[in-house]
Amino acid sequence: MAARDYEKIAEDIAKGITDPLNIDIYDVEYVKEAGEFYLRVYIDKPGGVTIDDCETVSRAFSDKIDEADPIPDAYILEVSSPGLGRKLKKDRHFEKSLGEKVEIKLFEAMDGSKEFTGVLKSYDADSITVSDAEVLVPPKNNKGRKPSKKAQAEAEAVTSKAKEMIFKRKEISTVRLVVEF
C-alpha cells in the first residue's frame, strides 16, 4: 500500500474518535524521516487545540489503530495541532483560508524568486491566485550570493506592480498561513 492509503485509513479511524469530541482532523501524514516512519495526525477545533485534546485523541487513536493494524511498518505516532503557520494542502484548507495572507514557496524561481507572500484570493485544481503579491526572499545570483541591486529591483518591480499573481499547483512546494502579530 502507498502512504496515501495508510493516511486515508488512519484518518477514517481518527474521525471516529474526534467527531464526538467536536475536534476536526486537519490532516494526516505518513512519512519517513531520518530512517523512521511517522504517522502524524493534526487536529483542530474552534478556539484552538489543547495538550489535553492531543492526549485524549492520541490515547484513543493509538488503541484503535493498533487494533486495526493497517500499517505493517513500525512507526512513531504523533498527534498535534497544525500550528498557526499551518501548511495548506487540501482544498478544504484553502477554502477555510480565503482572504488570509499566505507564503508560497516554489520548486523553481518565477520572476527571479522562489518565495512570495500575498492574500489568498482563489484556488482551483490547477492553480492558486493571490492578491497583493510580494517577493518574500530576494533572488540570489547564480553563484548563490546576494543579488545585484538591479536584479533585486527587477524582481520587486514585477511583484510590486502585480495586484494578483497566479501560481500553478504543480510548481508549488508549500503554501503556509503567514503568522502576523
# chains A, B, ... in the order shown; residues from 1 in each chain; ligands from 1
call {"tool": "residues_around", "arguments": {"residues": "Arg169 of chain A", "least_positions_apart": "3", "cutoff": "9 Å", "atoms": "only C-alpha atoms", "output": "MDAnalysis selection string"}}
result
chainID A and resid 124:128 172:173
call {"tool": "residues_around", "arguments": {"residues": "Ala3 of chain A", "least_positions_apart": "6", "cutoff": "12 Å", "atoms": "only C-alpha atoms", "output": "tab-separated table (two decimals) with C-alpha atoms, in the first residue's frame"}}
result
chain	number	residue	atom	x	y	z
A	9	ILE	CA	-7.26	4.56	6.75
A	10	ALA	CA	-5.79	6.44	9.72
A	28	VAL	CA	-2.89	13.05	8.45
A	29	GLU	CA	0.53	12.25	7.07
A	30	TYR	CA	2.62	9.11	6.95
A	31	VAL	CA	6.24	9.97	6.21
A	32	LYS	CA	9.75	8.59	6.56
A	37	PHE	CA	8.33	6.26	9.87
A	38	TYR	CA	5.94	8.79	11.43
A	39	LEU	CA	2.16	8.76	11.46
A	40	ARG	CA	1.10	12.31	12.24
A	70	PRO	CA	-3.31	-1.45	8.86
A	71	ILE	CA	0.35	-0.36	8.71
A	72	PRO	CA	2.93	-3.16	8.57
A	73	ASP	CA	5.93	-0.94	9.41
call {"tool": "closest_residue", "arguments": {"among": "A:Leu84, A:Ser131, A:Ser58, A:Ile65", "to": "Phe181 of chain A", "atoms": "only C-alpha atoms"}}
result
A:Leu84
call {"tool": "atom_distance", "arguments": {"atom1": "atom CA of Asp24 of chain A", "atom2": "atom CA of Arg4 of chain A"}}
result
18.9 Å
call {"tool": "closest_residue", "arguments": {"among": "A:Glu95, A:Glu180, A:Asp44, A:Glu100", "to": "Asp27 of chain A", "atoms": "only C-alpha atoms"}}
result
A:Asp44
call {"tool": "select_by_dssp", "arguments": {"residues": "chain A", "states": "alpha helix (DSSP H)", "output": "VMD selection string"}}
result
chain A and resid 3 to 18 51 to 68 91 to 96 149 to 161
call {"tool": "closest_residue", "arguments": {"among": "A:Tyr123, A:Phe116, A:Phe94, A:Tyr75", "to": "Glu36 of chain A", "atoms": "only C-alpha atoms"}}
result
A:Tyr75
call {"tool": "residues_around", "arguments": {"residues": "segment 46-57 of chain A", "least_positions_apart": "2", "cutoff": "12 Å", "atoms": "only C-alpha atoms", "output": "PyMOL selection string"}}
result
chain A and resi 13-26+40-44+59-65+77-84
call {"tool": "write_last_selection", "arguments": {"atoms": "C-alpha atoms", "output": "PDB file, in the first residue's frame"}}
result
ATOM      1  CA  ILE A  13     -10.187   5.708  12.266  1.00  0.00           C
ATOM      2  CA  ALA A  14      -9.326   9.096  13.826  1.00  0.00           C
ATOM      3  CA  LYS A  15     -12.624  10.657  12.698  1.00  0.00           C
ATOM      4  CA  GLY A  16     -14.500   8.091  14.766  1.00  0.00           C
ATOM      5  CA  ILE A  17     -12.647   9.417  17.795  1.00  0.00           C
ATOM      6  CA  THR A  18     -12.584  13.160  17.065  1.00  0.00           C
ATOM      7  CA  ASP A  19     -16.110  13.712  15.729  1.00  0.00           C
ATOM      8  CA  PRO A  20     -17.841  13.037  19.096  1.00  0.00           C
ATOM      9  CA  LEU A  21     -15.331  15.430  20.726  1.00  0.00           C
ATOM     10  CA  ASN A  22     -16.118  18.218  18.214  1.00  0.00           C
ATOM     11  CA  ILE A  23     -12.498  18.114  17.046  1.00  0.00           C
ATOM     12  CA  ASP A  24     -11.623  18.244  13.349  1.00  0.00           C
ATOM     13  CA  ILE A  25      -8.955  16.228  11.598  1.00  0.00           C
ATOM     14  CA  TYR A  26      -6.879  18.891   9.846  1.00  0.00           C
ATOM     15  CA  ARG A  40       1.098  12.314  12.244  1.00  0.00           C
ATOM     16  CA  VAL A  41      -2.460  13.310  12.990  1.00  0.00           C
ATOM     17  CA  TYR A  42      -3.108  17.053  13.085  1.00  0.00           C
ATOM     18  CA  ILE A  43      -6.257  18.075  14.943  1.00  0.00           C
ATOM     19  CA  ASP A  44      -8.037  21.410  15.184  1.00  0.00           C
ATOM     20  CA  ARG A  59      -4.540   7.563  23.599  1.00  0.00           C
ATOM     21  CA  ALA A  60      -7.843   6.577  21.960  1.00  0.00           C
ATOM     22  CA  PHE A  61      -6.387   6.626  18.448  1.00  0.00           C
ATOM     23  CA  SER A  62      -3.354   4.555  19.450  1.00  0.00           C
ATOM     24  CA  ASP A  63      -5.631   1.795  20.758  1.00  0.00           C
ATOM     25  CA  LYS A  64      -7.861   1.831  17.661  1.00  0.00           C
ATOM     26  CA  ILE A  65      -5.028   1.924  15.109  1.00  0.00           C
ATOM     27  CA  LEU A  77       2.589   8.227  16.343  1.00  0.00           C
ATOM     28  CA  GLU A  78       2.241  11.976  16.854  1.00  0.00           C
ATOM     29  CA  VAL A  79      -0.994  13.872  17.500  1.00  0.00           C
ATOM     30  CA  SER A  80      -0.754  17.663  17.492  1.00  0.00           C
ATOM     31  CA  SER A  81      -2.178  20.956  16.337  1.00  0.00           C
ATOM     32  CA  PRO A  82      -1.258  22.047  12.798  1.00  0.00           C
ATOM     33  CA  GLY A  83       0.072  25.272  14.366  1.00  0.00           C
ATOM     34  CA  LEU A  84      -0.514  28.899  13.472  1.00  0.00           C
TER      35      LEU A  84
END
call {"tool": "atom_distance", "arguments": {"atom1": "atom CA of Leu98 of chain A", "atom2": "atom CA of Tyr6 of chain A"}}
result
29.1 Å
call {"tool": "closest_residue", "arguments": {"among": "A:Lys101, A:Val179, A:Thr174, A:Val130", "to": "Lys87 of chain A", "atoms": "only C-alpha atoms"}}
result
A:Thr174
